[in-house]
$ cat start.csv   # CSV, C-alpha atoms
chain,number,residue,atom,x,y,z
A,1,MET,CA,0.8,14.8,-93.5
A,2,MET,CA,-1.4,16.2,-90.7
A,3,GLY,CA,-0.4,19.2,-88.7
A,4,LEU,CA,0.2,18.8,-85.0
A,5,PHE,CA,-0.6,21.5,-82.5
A,6,ILE,CA,1.2,21.2,-79.2
A,7,THR,CA,1.0,23.8,-76.4
A,8,ILE,CA,3.3,24.1,-73.4
A,9,GLU,CA,1.9,25.4,-70.1
A,10,GLY,CA,3.1,26.0,-66.6
A,11,ILE,CA,3.6,28.7,-64.0
A,12,ASP,CA,6.7,30.9,-64.3
A,13,GLY,CA,9.8,28.9,-63.3
A,14,ALA,CA,8.4,25.6,-64.3
A,15,GLY,CA,11.1,25.1,-66.9
A,16,LYS,CA,8.9,25.4,-70.0
A,17,THR,CA,11.5,27.1,-72.1
A,18,THR,CA,14.1,24.4,-71.8
A,19,HIS,CA,11.7,21.7,-72.7
A,20,LEU,CA,10.1,23.7,-75.5
A,21,LYS,CA,13.5,23.9,-77.3
A,22,TRP,CA,14.0,20.1,-76.9
A,23,LEU,CA,10.5,19.4,-78.2
A,24,GLY,CA,11.2,21.4,-81.4
A,25,SER,CA,14.4,19.5,-82.1
A,26,TYR,CA,12.6,16.2,-81.3
A,27,PHE,CA,10.2,16.6,-84.2
A,28,GLU,CA,12.8,18.2,-86.5
A,29,VAL,CA,15.2,15.2,-86.3
A,30,ARG,CA,12.2,13.1,-87.2
A,31,GLY,CA,11.8,15.0,-90.4
A,32,ARG,CA,8.9,17.3,-89.4
A,33,GLN,CA,8.8,21.0,-90.1
A,34,VAL,CA,8.4,22.8,-86.8
A,35,VAL,CA,7.1,26.2,-85.9
A,36,VAL,CA,8.0,27.3,-82.4
A,37,THR,CA,6.0,30.3,-81.2
A,38,ARG,CA,4.6,31.9,-78.1
A,39,GLU,CA,1.7,33.7,-76.5
A,40,PRO,CA,1.1,36.5,-76.0
A,41,GLY,CA,3.2,37.2,-79.1
A,42,GLY,CA,4.0,35.2,-82.3
A,43,THR,CA,3.0,38.1,-84.6
A,44,PRO,CA,4.1,41.8,-84.8
A,45,LEU,CA,0.8,42.8,-83.2
A,46,GLY,CA,1.0,40.0,-80.6
A,47,GLU,CA,4.5,41.1,-79.6
A,48,SER,CA,3.4,44.7,-79.3
A,49,LEU,CA,0.5,43.6,-77.0
A,50,ARG,CA,2.9,41.4,-75.0
A,51,LYS,CA,5.1,44.4,-74.4
A,52,LEU,CA,2.1,46.5,-73.4
A,53,LEU,CA,0.8,43.8,-71.0
A,54,LEU,CA,4.1,42.9,-69.4
A,55,GLU,CA,5.5,46.4,-69.0
A,56,SER,CA,2.3,48.0,-67.9
A,57,ASP,CA,2.9,49.6,-64.5
A,58,GLY,CA,-0.6,50.8,-64.0
A,59,ALA,CA,-3.0,48.0,-63.4
A,60,ILE,CA,-5.0,46.8,-66.4
A,61,HIS,CA,-8.3,45.3,-65.5
A,62,PRO,CA,-8.1,41.5,-65.7
A,63,GLU,CA,-11.1,41.4,-68.1
A,64,THR,CA,-9.3,43.9,-70.3
A,65,GLU,CA,-6.2,41.7,-70.2
A,66,SER,CA,-8.3,38.7,-71.2
A,67,LEU,CA,-9.7,40.6,-74.2
A,68,LEU,CA,-6.1,41.6,-75.2
A,69,MET,CA,-4.9,38.0,-74.8
A,70,PHE,CA,-7.7,36.8,-77.1
A,71,ALA,CA,-7.1,39.6,-79.6
A,72,ALA,CA,-3.4,38.5,-79.8
A,73,ARG,CA,-4.6,34.9,-80.1
A,74,ARG,CA,-7.0,35.7,-83.0
A,75,GLU,CA,-4.2,37.2,-85.0
A,76,HIS,CA,-1.8,34.4,-84.0
A,77,LEU,CA,-4.2,31.8,-85.2
A,78,GLU,CA,-4.9,33.7,-88.5
A,79,ARG,CA,-1.3,34.5,-89.4
A,80,VAL,CA,0.8,31.7,-87.9
A,81,ILE,CA,-0.9,28.7,-86.3
A,82,THR,CA,-3.7,27.8,-88.8
A,83,PRO,CA,-1.6,28.2,-91.9
A,84,ALA,CA,1.3,26.1,-90.4
A,85,LEU,CA,-1.2,23.3,-89.4
A,86,ARG,CA,-2.7,23.4,-92.9
A,87,GLU,CA,0.8,22.9,-94.3
A,88,GLY,CA,1.2,19.8,-92.1
A,89,LYS,CA,3.7,21.4,-89.7
A,90,VAL,CA,4.2,20.8,-86.0
A,91,VAL,CA,3.3,24.0,-84.1
A,92,VAL,CA,4.8,24.2,-80.6
A,93,CYS,CA,3.4,27.1,-78.7
A,94,ASP,CA,4.6,28.4,-75.4
A,95,ARG,CA,1.3,29.1,-73.6
A,96,PHE,CA,-2.1,29.3,-75.2
A,97,THR,CA,-5.7,29.5,-73.9
A,98,ASP,CA,-5.2,27.4,-70.8
A,99,ALA,CA,-2.9,30.1,-69.6
A,100,THR,CA,-5.6,32.7,-69.9
A,101,PHE,CA,-7.9,30.5,-67.8
A,102,ALA,CA,-5.1,30.0,-65.3
A,103,TYR,CA,-3.7,33.5,-65.0
A,104,GLN,CA,-6.6,35.9,-65.8
A,105,GLY,CA,-9.2,33.4,-64.6
A,106,TRP,CA,-8.0,31.6,-61.5
A,107,GLY,CA,-5.2,34.0,-60.8
A,108,SER,CA,-6.9,37.4,-61.3
A,109,GLY,CA,-10.6,36.4,-60.8
A,110,VAL,CA,-12.2,36.6,-64.3
A,111,SER,CA,-15.1,34.1,-64.4
A,112,PRO,CA,-14.2,30.9,-66.3
A,113,ALA,CA,-17.7,31.0,-67.8
A,114,ARG,CA,-17.0,34.4,-69.3
A,115,LEU,CA,-13.6,33.2,-70.7
A,116,ASP,CA,-15.4,30.2,-72.3
A,117,VAL,CA,-17.4,32.8,-74.4
A,118,LEU,CA,-14.2,34.4,-75.7
A,119,GLU,CA,-12.5,31.1,-76.3
A,120,GLU,CA,-15.4,29.9,-78.5
A,121,TRP,CA,-15.5,33.4,-80.2
A,122,VAL,CA,-11.8,33.2,-81.2
A,123,GLN,CA,-11.2,29.5,-81.6
A,124,ARG,CA,-14.5,28.3,-83.0
A,125,GLY,CA,-13.8,24.8,-81.5
A,126,LEU,CA,-10.1,24.6,-82.4
A,127,GLN,CA,-8.1,23.0,-79.6
A,128,PRO,CA,-4.5,21.9,-79.3
A,129,ASP,CA,-3.9,18.2,-80.1
A,130,LEU,CA,-1.7,18.0,-77.0
A,131,THR,CA,-1.1,20.3,-74.1
A,132,LEU,CA,1.9,19.6,-71.8
A,133,PHE,CA,1.5,21.1,-68.4
A,134,PHE,CA,4.7,21.3,-66.5
A,135,ASP,CA,3.7,21.3,-62.9
A,136,VAL,CA,5.7,22.7,-59.9
A,137,PRO,CA,4.6,24.2,-56.6
A,138,ALA,CA,4.5,28.0,-56.8
A,139,LEU,CA,7.4,28.3,-54.3
A,140,VAL,CA,9.6,26.0,-56.4
A,141,GLY,CA,8.9,28.1,-59.4
A,142,GLN,CA,9.6,31.3,-57.6
A,143,GLN,CA,12.9,30.0,-56.2
A,144,ARG,CA,14.0,28.8,-59.7
A,145,LEU,CA,13.4,32.3,-61.1
A,146,GLY,CA,15.9,33.5,-58.6
A,147,SER,CA,16.6,37.2,-58.3
A,148,ASP,CA,19.3,37.8,-60.9
A,149,ARG,CA,16.8,37.7,-63.7
A,150,GLN,CA,14.8,40.7,-64.6
A,151,ARG,CA,11.3,40.1,-63.2
A,152,ASP,CA,8.5,41.5,-65.3
A,153,ARG,CA,5.1,42.5,-64.0
A,154,PHE,CA,3.6,39.0,-63.9
A,155,GLU,CA,6.7,37.5,-62.3
A,156,ARG,CA,6.6,40.1,-59.5
A,157,GLU,CA,3.2,38.8,-58.4
A,158,ARG,CA,3.0,37.0,-55.2
A,159,THR,CA,3.4,33.2,-54.6
A,160,ASP,CA,-0.2,32.8,-53.6
A,161,PHE,CA,-1.2,34.2,-57.0
A,162,PHE,CA,0.9,31.5,-58.6
A,163,GLU,CA,-0.7,28.8,-56.4
A,164,ARG,CA,-4.1,30.0,-57.7
A,165,VAL,CA,-2.7,29.9,-61.3
A,166,ARG,CA,-1.4,26.3,-60.6
A,167,ALA,CA,-4.8,25.3,-59.3
A,168,GLY,CA,-6.4,26.7,-62.5
A,169,TYR,CA,-4.1,24.6,-64.6
A,170,LEU,CA,-4.9,21.5,-62.6
A,171,ASP,CA,-8.6,22.3,-63.0
A,172,ARG,CA,-8.2,22.6,-66.8
A,173,ALA,CA,-6.3,19.3,-66.8
A,174,ALA,CA,-9.2,17.6,-64.9
A,175,ARG,CA,-11.7,19.1,-67.4
A,176,PHE,CA,-9.7,18.0,-70.5
A,177,PRO,CA,-7.9,14.8,-69.4
A,178,SER,CA,-7.3,13.5,-72.9
A,179,ARG,CA,-5.7,16.7,-74.2
A,180,ILE,CA,-3.8,18.0,-71.2
A,181,ARG,CA,-1.0,15.8,-69.8
A,182,ILE,CA,0.4,16.8,-66.4
A,183,ILE,CA,4.2,16.4,-66.1
A,184,ASP,CA,5.8,16.7,-62.6
A,185,ALA,CA,8.5,19.3,-63.2
A,186,THR,CA,9.9,19.3,-59.7
A,187,PRO,CA,12.7,16.7,-60.4
A,188,GLY,CA,15.9,17.5,-62.5
A,189,ILE,CA,15.7,18.2,-66.2
A,190,ASP,CA,16.8,14.7,-67.3
A,191,ILE,CA,14.0,13.0,-65.4
A,192,VAL,CA,11.4,15.5,-66.6
A,193,ARG,CA,12.7,14.9,-70.2
A,194,GLN,CA,12.1,11.2,-69.8
A,195,SER,CA,8.5,11.8,-68.9
A,196,LEU,CA,8.2,14.2,-71.8
A,197,GLU,CA,9.8,11.8,-74.3
A,198,HIS,CA,7.5,9.0,-73.1
A,199,ILE,CA,4.4,11.2,-73.9
A,200,VAL,CA,5.5,12.6,-77.3
A,201,ALA,CA,6.6,9.1,-78.5
A,202,SER,CA,3.0,8.4,-79.5
A,203,TYR,CA,2.7,11.6,-81.7
B,1,MET,CA,-28.0,64.2,-60.2
B,2,MET,CA,-28.0,61.5,-62.7
B,3,GLY,CA,-25.1,61.0,-65.1
B,4,LEU,CA,-25.7,61.4,-68.8
B,5,PHE,CA,-23.9,59.3,-71.4
B,6,ILE,CA,-23.8,60.8,-74.9
B,7,THR,CA,-21.9,59.3,-77.8
B,8,ILE,CA,-21.1,61.0,-81.1
B,9,GLU,CA,-20.9,59.0,-84.3
B,10,GLY,CA,-20.2,59.5,-87.9
B,11,ILE,CA,-17.9,58.7,-90.8
B,12,ASP,CA,-14.6,60.6,-91.1
B,13,GLY,CA,-15.2,64.1,-92.3
B,14,ALA,CA,-18.8,64.3,-90.9
B,15,GLY,CA,-17.7,67.2,-88.6
B,16,LYS,CA,-18.0,65.3,-85.3
B,17,THR,CA,-15.1,67.1,-83.6
B,18,THR,CA,-16.5,70.6,-84.0
B,19,HIS,CA,-19.9,69.6,-82.6
B,20,LEU,CA,-18.3,67.5,-79.8
B,21,LYS,CA,-16.6,70.6,-78.4
B,22,TRP,CA,-19.8,72.7,-78.6
B,23,LEU,CA,-21.7,69.9,-76.9
B,24,GLY,CA,-19.3,69.9,-74.0
B,25,SER,CA,-19.6,73.7,-73.5
B,26,TYR,CA,-23.4,73.4,-73.8
B,27,PHE,CA,-23.6,71.3,-70.7
B,28,GLU,CA,-20.9,73.1,-68.8
B,29,VAL,CA,-22.6,76.5,-69.1
B,30,ARG,CA,-25.7,74.8,-67.6
B,31,GLY,CA,-23.7,73.9,-64.5
B,32,ARG,CA,-22.9,70.2,-65.3
B,33,GLN,CA,-19.5,68.6,-64.9
B,34,VAL,CA,-18.5,67.3,-68.3
B,35,VAL,CA,-16.0,64.6,-69.3
B,36,VAL,CA,-15.1,64.7,-73.0
B,37,THR,CA,-13.4,61.5,-74.2
B,38,ARG,CA,-12.9,59.3,-77.2
B,39,GLU,CA,-12.6,55.8,-78.6
B,40,PRO,CA,-10.4,54.1,-79.2
B,41,GLY,CA,-8.6,55.9,-76.5
B,42,GLY,CA,-9.6,57.6,-73.3
B,43,THR,CA,-7.2,55.7,-71.1
B,44,PRO,CA,-3.4,55.3,-71.4
B,45,LEU,CA,-4.0,51.7,-72.6
B,46,GLY,CA,-6.7,52.9,-75.0
B,47,GLU,CA,-4.4,55.5,-76.5
B,48,SER,CA,-1.7,52.9,-76.9
B,49,LEU,CA,-4.2,50.6,-78.7
B,50,ARG,CA,-5.4,53.6,-80.8
B,51,LYS,CA,-1.9,54.2,-82.0
B,52,LEU,CA,-1.3,50.6,-82.7
B,53,LEU,CA,-4.6,50.4,-84.7
B,54,LEU,CA,-4.3,53.6,-86.7
B,55,GLU,CA,-0.6,53.3,-87.5
B,56,SER,CA,-0.5,49.7,-88.3
B,57,ASP,CA,0.7,49.3,-91.8
B,58,GLY,CA,0.4,45.6,-92.0
B,59,ALA,CA,-3.2,44.5,-92.1
B,60,ILE,CA,-4.8,43.4,-88.8
B,61,HIS,CA,-7.6,41.0,-89.2
B,62,PRO,CA,-11.0,42.9,-88.6
B,63,GLU,CA,-12.0,40.3,-85.9
B,64,THR,CA,-8.7,41.1,-84.1
B,65,GLU,CA,-9.5,44.8,-84.5
B,66,SER,CA,-12.9,44.2,-83.0
B,67,LEU,CA,-11.4,42.4,-80.0
B,68,LEU,CA,-8.9,45.3,-79.5
B,69,MET,CA,-11.7,47.9,-79.7
B,70,PHE,CA,-13.7,46.1,-77.1
B,71,ALA,CA,-10.5,45.7,-74.9
B,72,ALA,CA,-10.0,49.4,-75.0
B,73,ARG,CA,-13.7,49.9,-74.3
B,74,ARG,CA,-13.6,47.6,-71.3
B,75,GLU,CA,-10.8,49.6,-69.8
B,76,HIS,CA,-12.5,52.9,-70.8
B,77,LEU,CA,-15.8,51.9,-69.0
B,78,GLU,CA,-13.9,50.8,-65.9
B,79,ARG,CA,-11.6,53.8,-65.5
B,80,VAL,CA,-13.5,56.7,-67.0
B,81,ILE,CA,-17.0,56.3,-68.2
B,82,THR,CA,-18.7,54.4,-65.3
B,83,PRO,CA,-17.0,56.4,-62.5
B,84,ALA,CA,-18.0,59.7,-64.1
B,85,LEU,CA,-21.6,58.6,-64.6
B,86,ARG,CA,-21.7,57.4,-61.0
B,87,GLU,CA,-20.6,61.0,-60.0
B,88,GLY,CA,-23.5,62.4,-62.0
B,89,LYS,CA,-21.3,63.9,-64.8
B,90,VAL,CA,-22.1,64.2,-68.4
B,91,VAL,CA,-19.8,62.0,-70.5
B,92,VAL,CA,-19.5,63.0,-74.2
B,93,CYS,CA,-17.7,60.3,-76.1
B,94,ASP,CA,-16.3,60.6,-79.6
B,95,ARG,CA,-17.3,57.2,-81.0
B,96,PHE,CA,-18.4,54.1,-79.1
B,97,THR,CA,-19.8,50.7,-79.9
B,98,ASP,CA,-21.9,51.8,-82.9
B,99,ALA,CA,-18.6,52.6,-84.6
B,100,THR,CA,-17.4,49.1,-84.1
B,101,PHE,CA,-20.5,47.7,-85.8
B,102,ALA,CA,-20.2,50.3,-88.6
B,103,TYR,CA,-16.4,50.1,-89.2
B,104,GLN,CA,-15.4,46.6,-88.3
B,105,GLY,CA,-18.8,45.1,-89.0
B,106,TRP,CA,-20.4,46.7,-92.1
B,107,GLY,CA,-17.1,48.3,-93.3
B,108,SER,CA,-14.8,45.3,-92.9
B,109,GLY,CA,-17.1,42.3,-92.8
B,110,VAL,CA,-17.2,41.1,-89.2
B,111,SER,CA,-20.6,39.5,-88.6
B,112,PRO,CA,-22.9,41.8,-86.5
B,113,ALA,CA,-24.1,38.7,-84.6
B,114,ARG,CA,-20.5,38.1,-83.5
B,115,LEU,CA,-20.1,41.7,-82.4
B,116,ASP,CA,-23.3,41.4,-80.4
B,117,VAL,CA,-21.5,38.8,-78.3
B,118,LEU,CA,-18.6,41.1,-77.5
B,119,GLU,CA,-20.9,44.0,-76.8
B,120,GLU,CA,-22.8,42.0,-74.2
B,121,TRP,CA,-19.5,40.7,-72.8
B,122,VAL,CA,-18.1,44.1,-72.3
B,123,GLN,CA,-21.1,46.3,-71.6
B,124,ARG,CA,-23.4,43.9,-69.7
B,125,GLY,CA,-26.4,45.9,-71.0
B,126,LEU,CA,-25.0,49.4,-70.5
B,127,GLN,CA,-25.9,51.7,-73.4
B,128,PRO,CA,-25.5,55.4,-74.1
B,129,ASP,CA,-28.5,57.5,-73.1
B,130,LEU,CA,-28.2,59.3,-76.4
B,131,THR,CA,-26.2,58.8,-79.6
B,132,LEU,CA,-25.9,61.6,-82.1
B,133,PHE,CA,-25.1,60.3,-85.6
B,134,PHE,CA,-23.8,63.0,-87.9
B,135,ASP,CA,-24.7,61.7,-91.3
B,136,VAL,CA,-23.0,62.8,-94.6
B,137,PRO,CA,-22.5,60.9,-97.9
B,138,ALA,CA,-19.1,59.3,-98.0
B,139,LEU,CA,-17.9,61.5,-100.8
B,140,VAL,CA,-18.8,64.7,-98.9
B,141,GLY,CA,-16.9,63.3,-95.9
B,142,GLN,CA,-13.9,62.5,-98.0
B,143,GLN,CA,-13.9,66.0,-99.7
B,144,ARG,CA,-14.1,67.7,-96.3
B,145,LEU,CA,-11.0,65.9,-95.1
B,146,GLY,CA,-9.2,67.4,-98.0
B,147,SER,CA,-5.6,66.5,-98.6
B,148,ASP,CA,-3.7,68.9,-96.4
B,149,ARG,CA,-4.5,66.9,-93.3
B,150,GLN,CA,-2.4,63.9,-92.4
B,151,ARG,CA,-4.6,60.9,-93.3
B,152,ASP,CA,-4.3,57.9,-91.0
B,153,ARG,CA,-4.9,54.3,-92.0
B,154,PHE,CA,-8.7,54.4,-91.7
B,155,GLU,CA,-8.9,57.7,-93.5
B,156,ARG,CA,-6.9,56.3,-96.4
B,157,GLU,CA,-9.6,53.6,-97.0
B,158,ARG,CA,-11.8,54.0,-100.0
B,159,THR,CA,-15.0,55.9,-100.4
B,160,ASP,CA,-17.0,52.7,-100.9
B,161,PHE,CA,-15.7,51.5,-97.6
B,162,PHE,CA,-17.2,54.7,-96.0
B,163,GLU,CA,-20.5,54.1,-97.8
B,164,ARG,CA,-20.7,50.7,-96.2
B,165,VAL,CA,-19.8,52.2,-92.8
B,166,ARG,CA,-22.5,54.8,-93.3
B,167,ALA,CA,-25.0,52.1,-94.2
B,168,GLY,CA,-23.9,50.3,-90.9
B,169,TYR,CA,-24.7,53.5,-88.9
B,170,LEU,CA,-28.1,53.8,-90.6
B,171,ASP,CA,-28.8,50.2,-89.8
B,172,ARG,CA,-27.9,50.7,-86.1
B,173,ALA,CA,-30.1,53.9,-86.1
B,174,ALA,CA,-33.0,51.8,-87.4
B,175,ARG,CA,-32.4,49.1,-84.7
B,176,PHE,CA,-32.2,51.6,-81.9
B,177,PRO,CA,-34.5,54.5,-82.9
B,178,SER,CA,-35.1,55.9,-79.4
B,179,ARG,CA,-31.3,56.0,-78.6
B,180,ILE,CA,-29.8,57.0,-81.9
B,181,ARG,CA,-30.7,60.4,-83.5
B,182,ILE,CA,-29.7,61.0,-87.1
B,183,ILE,CA,-28.5,64.5,-87.8
B,184,ASP,CA,-28.1,65.6,-91.4
B,185,ALA,CA,-24.5,67.0,-91.4
B,186,THR,CA,-24.4,68.0,-95.0
B,187,PRO,CA,-25.4,71.7,-94.5
B,188,GLY,CA,-23.2,74.3,-92.9
B,189,ILE,CA,-22.1,74.2,-89.2
B,190,ASP,CA,-24.8,76.7,-88.1
B,191,ILE,CA,-27.7,74.7,-89.4
B,192,VAL,CA,-26.3,71.4,-88.1
B,193,ARG,CA,-25.9,73.1,-84.7
B,194,GLN,CA,-29.5,74.1,-84.7
B,195,SER,CA,-30.6,70.5,-85.2
B,196,LEU,CA,-28.2,69.5,-82.4
B,197,GLU,CA,-29.4,72.1,-80.0
B,198,HIS,CA,-33.0,71.1,-80.7
B,199,ILE,CA,-32.2,67.5,-79.7
B,200,VAL,CA,-30.1,68.2,-76.6
B,201,ALA,CA,-32.6,70.7,-75.2
B,202,SER,CA,-34.6,67.9,-73.8
B,203,TYR,CA,-31.6,66.4,-71.8

$ encode --input "start.csv" --output "structure tokens"
Amino acid sequence: MMGLFITIEGIDGAGKTTHLKWLGSYFEVRGRQVVVTREPGGTPLGESLRKLLLESDGAIHPETESLLMFAARREHLERVITPALREGKVVVCDRFTDATFAYQGWGSGVSPARLDVLEEWVQRGLQPDLTLFFDVPALVGQQRLGSDRQRDRFERERTDFFERVRAGYLDRAARFPSRIRIIDATPGIDIVRQSLEHIVASY
Amino acid sequence: MMGLFITIEGIDGAGKTTHLKWLGSYFEVRGRQVVVTREPGGTPLGESLRKLLLESDGAIHPETESLLMFAARREHLERVITPALREGKVVVCDRFTDATFAYQGWGSGVSPARLDVLEEWVQRGLQPDLTLFFDVPALVGQQRLGSDRQRDRFERERTDFFERVRAGYLDRAARFPSRIRIIDATPGIDIVRQSLEHIVASY
């Protein structure tokens, strides 16, 4: 059986986490072995880097952030993603390279052409089979996050930052229309889930 | 006054640290402002990554190591090295990119052609004005480290690893003969210092 590599993308507050869990169960009840993972993270090194990136109070240059994201990704591919795909598993990953283009690229100003170089260096052509982009306007995402939840460094960033990130995701979706599916995540969970189920039914 | 960027290279036990301190004083007594720094390290992020790399018990893939080294370097250039050079200071750095080629490249098997890509990405053509490579056979270096000193992950590696690293440094020196000066570091400190003083006298 062939492995299946699905990535979940969206700005903070788009509801990724809820749909990620459902997606894992969807494939499990159909008899597939599922690995649910996330970026940055997914390995001990990746989780250390995640902590370092999210908790950093002092500004880290966005190009440095990009290199750290791709370092975590290189390890994640080596230790988790590629072995699972070789064993025919379904890998569901909460954020992947499109997030680096959206956040560090469009959000923080790193040139997409420079990120292309790192993507090729680390992935050597490997791409997800399917990317689900949960799309909400930045203000909706921000409102959903509310104020009761502890907001990390990225979540403290301004709404206009998230609008740039969203524009970055939409640009990626336009560049890779057969891989990236845009799901309108503004409606309630049930309606979004119907869109999601419709898409994954063919995988 | 023009800034001056000097890097110090050599396998563990080559005596870099001793000569690094002398070099800093050499320029200070001549009225220059000196920044002594090191890689990986030199910034709060760099020191965190250094800790992560040196203390990691589980193996980190050498390509991941390379990306982390260049991430630390990107930040180091941004926050420390480039500003100091712009202010006309002398920057003396304990290890830089030649170490990544020697350790991760020749030592651990990452293709030098792939490291070239990261070097260009991070440095955009910037190179040290002078690199001092303190050369000792691996066995001499290992013996000098002795056993009373706490040996970190890299220092625990085998002698043949260090012979590959040394070969990597010599290869770099052959590729960049006007930048990299080889100093035979097998003799006693006084004799090595004379070679060093002879070289830096023209800077």

$ closest_atom_pairs --input "start.csv" --of "chain A" --to "chain B" --cutoff "10 Å" --atoms "all atoms listed in the file" --output "JSON lines"
{"residue": "A:Pro44", "atom": "CA", "partner": "B:Gly58", "partner_atom": "CA", "distance": 8.9}
{"residue": "A:Leu45", "atom": "CA", "partner": "B:Ile60", "partner_atom": "CA", "distance": 7.9}
{"residue": "A:Ser48", "atom": "CA", "partner": "B:Leu52", "partner_atom": "CA", "distance": 8.3}
{"residue": "A:Leu49", "atom": "CA", "partner": "B:Leu49", "partner_atom": "CA", "distance": 8.6}
{"residue": "A:Leu52", "atom": "CA", "partner": "B:Leu45", "partner_atom": "CA", "distance": 8.1}
{"residue": "A:Leu53", "atom": "CA", "partner": "B:Leu45", "partner_atom": "CA", "distance": 9.4}
{"residue": "A:Ser56", "atom": "CA", "partner": "B:Leu45", "partner_atom": "CA", "distance": 8.7}
{"residue": "A:Gly58", "atom": "CA", "partner": "B:Pro44", "partner_atom": "CA", "distance": 9.1}
{"residue": "A:Ala59", "atom": "CA", "partner": "B:Leu45", "partner_atom": "CA", "distance": 10.0}
{"residue": "A:Ile60", "atom": "CA", "partner": "B:Glu75", "partner_atom": "CA", "distance": 7.3}
{"residue": "A:His61", "atom": "CA", "partner": "B:Glu75", "partner_atom": "CA", "distance": 6.6}
{"residue": "A:Pro62", "atom": "CA", "partner": "B:Glu75", "partner_atom": "CA", "distance": 9.5}
{"residue": "A:Glu63", "atom": "CA", "partner": "B:Arg74", "partner_atom": "CA", "distance": 7.4}
{"residue": "A:Thr64", "atom": "CA", "partner": "B:Ala71", "partner_atom": "CA", "distance": 5.1}
{"residue": "A:Glu65", "atom": "CA", "partner": "B:Ala71", "partner_atom": "CA", "distance": 7.5}
{"residue": "A:Ser66", "atom": "CA", "partner": "B:Ala71", "partner_atom": "CA", "distance": 8.2}
{"residue": "A:Leu67", "atom": "CA", "partner": "B:Ala71", "partner_atom": "CA", "distance": 5.2}
{"residue": "A:Leu68", "atom": "CA", "partner": "B:Ala71", "partner_atom": "CA", "distance": 6.0}
{"residue": "A:Met69", "atom": "CA", "partner": "B:Leu67", "partner_atom": "CA", "distance": 9.4}
{"residue": "A:Phe70", "atom": "CA", "partner": "B:Leu67", "partner_atom": "CA", "distance": 7.3}
{"residue": "A:Ala71", "atom": "CA", "partner": "B:Thr64", "partner_atom": "CA", "distance": 5.0}
{"residue": "A:Ala72", "atom": "CA", "partner": "B:Thr64", "partner_atom": "CA", "distance": 7.3}
{"residue": "A:Arg73", "atom": "CA", "partner": "B:Thr64", "partner_atom": "CA", "distance": 8.4}
{"residue": "A:Arg74", "atom": "CA", "partner": "B:Thr64", "partner_atom": "CA", "distance": 5.8}
{"residue": "A:Glu75", "atom": "CA", "partner": "B:Thr64", "partner_atom": "CA", "distance": 6.0}
{"residue": "A:His76", "atom": "CA", "partner": "B:Thr64", "partner_atom": "CA", "distance": 9.6}
{"residue": "A:Glu78", "atom": "CA", "partner": "B:His61", "partner_atom": "CA", "distance": 7.8}
{"residue": "A:Arg79", "atom": "CA", "partner": "B:His61", "partner_atom": "CA", "distance": 9.1}
{"residue": "A:Arg114", "atom": "CA", "partner": "B:Trp121", "partner_atom": "CA", "distance": 7.6}
{"residue": "A:Leu115", "atom": "CA", "partner": "B:Trp121", "partner_atom": "CA", "distance": 9.8}
{"residue": "A:Val117", "atom": "CA", "partner": "B:Val117", "partner_atom": "CA", "distance": 8.2}
{"residue": "A:Leu118", "atom": "CA", "partner": "B:Leu118", "partner_atom": "CA", "distance": 8.2}
{"residue": "A:Trp121", "atom": "CA", "partner": "B:Arg114", "partner_atom": "CA", "distance": 7.6}
{"residue": "A:Val122", "atom": "CA", "partner": "B:Glu63", "partner_atom": "CA", "distance": 8.5}

$ residues_around --input "start.csv" --residues "Ala14 in chain B" --least-positions-apart "5" --cutoff "7 Å" --atoms "all atoms listed in the file" --output "list in words"
Phe134, Asp135, Val136, Gly141 and Ala185 of chain B

$ closest_residue --input "start.csv" --among "B:Leu145, B:Ile8, B:Ala201, B:Ala173" --to "Leu20 in chain B" --atoms "only C-alpha atoms"
B:Ile8

$ atom_distance --input "start.csv" --atom1 "CA of Gly105 in chain B" --atom2 "CA of Leu77 in chain B"
21.3 Å

$ atom_distance --input "start.csv" --atom1 "CA of Asp94 in chain B" --atom2 "CA of Thr18 in chain B"
10.9 Å

$ residues_near_point --input "start.csv" --point "(-10.4, 58.0, -70.3)" --cutoff "6 Å" --atoms "only C-alpha atoms" --output "number ranges by chain"
B: 42-43, 76, 80

$ closest_residue --input "start.csv" --among "A:Gln127, A:Arg179, A:Glu47, A:Phe5" --to "Phe27 in chain A" --atoms "only C-alpha atoms"
A:Phe5

$ closest_residue --input "start.csv" --among "B:Ile81, B:Cys93, B:Met2, B:Val110" --to "Leu23 in chain B" --atoms "only C-alpha atoms"
B:Cys93

$ residues_near_point --input "start.csv" --point "(-20.3, 60.6, -65.8)" --cutoff "10 Å" --atoms "only C-alpha atoms" --output "list of chain:residue names"
B:Met2, B:Gly3, B:Leu4, B:Phe5, B:Ile6, B:Arg32, B:Gln33, B:Val34, B:Val35, B:Val36, B:Val80, B:Ile81, B:Thr82, B:Pro83, B:Ala84, B:Leu85, B:Arg86, B:Glu87, B:Gly88, B:Lys89, B:Val90, B:Val91, B:Val92

$ atom_distance --input "start.csv" --atom1 "CA of Thr37 in chain B" --atom2 "CA of Leu130 in chain B"
15.1 Å

$ residues_around --input "start.csv" --residues "Ala138 in chain A" --least-positions-apart "3" --cutoff "6 Å" --atoms "all atoms listed in the file" --output "PyMOL selection string"
chain A and resi 141+159+162-163

$ write_last_selection --input "start.csv" --atoms "C-alpha atoms" --output "short mmCIF file (atom, residue, chain, number, x, y, z; two decimals), in the frame of the given file"
data_model
loop_
_atom_site.label_atom_id
_atom_site.label_comp_id
_atom_site.auth_asym_id
_atom_site.auth_seq_id
_atom_site.Cartn_x
_atom_site.Cartn_y
_atom_site.Cartn_z
CA GLY A 141 8.90 28.10 -59.40
CA THR A 159 3.40 33.20 -54.60
CA PHE A 162 0.90 31.50 -58.60
CA GLU A 163 -0.70 28.80 -56.40
#
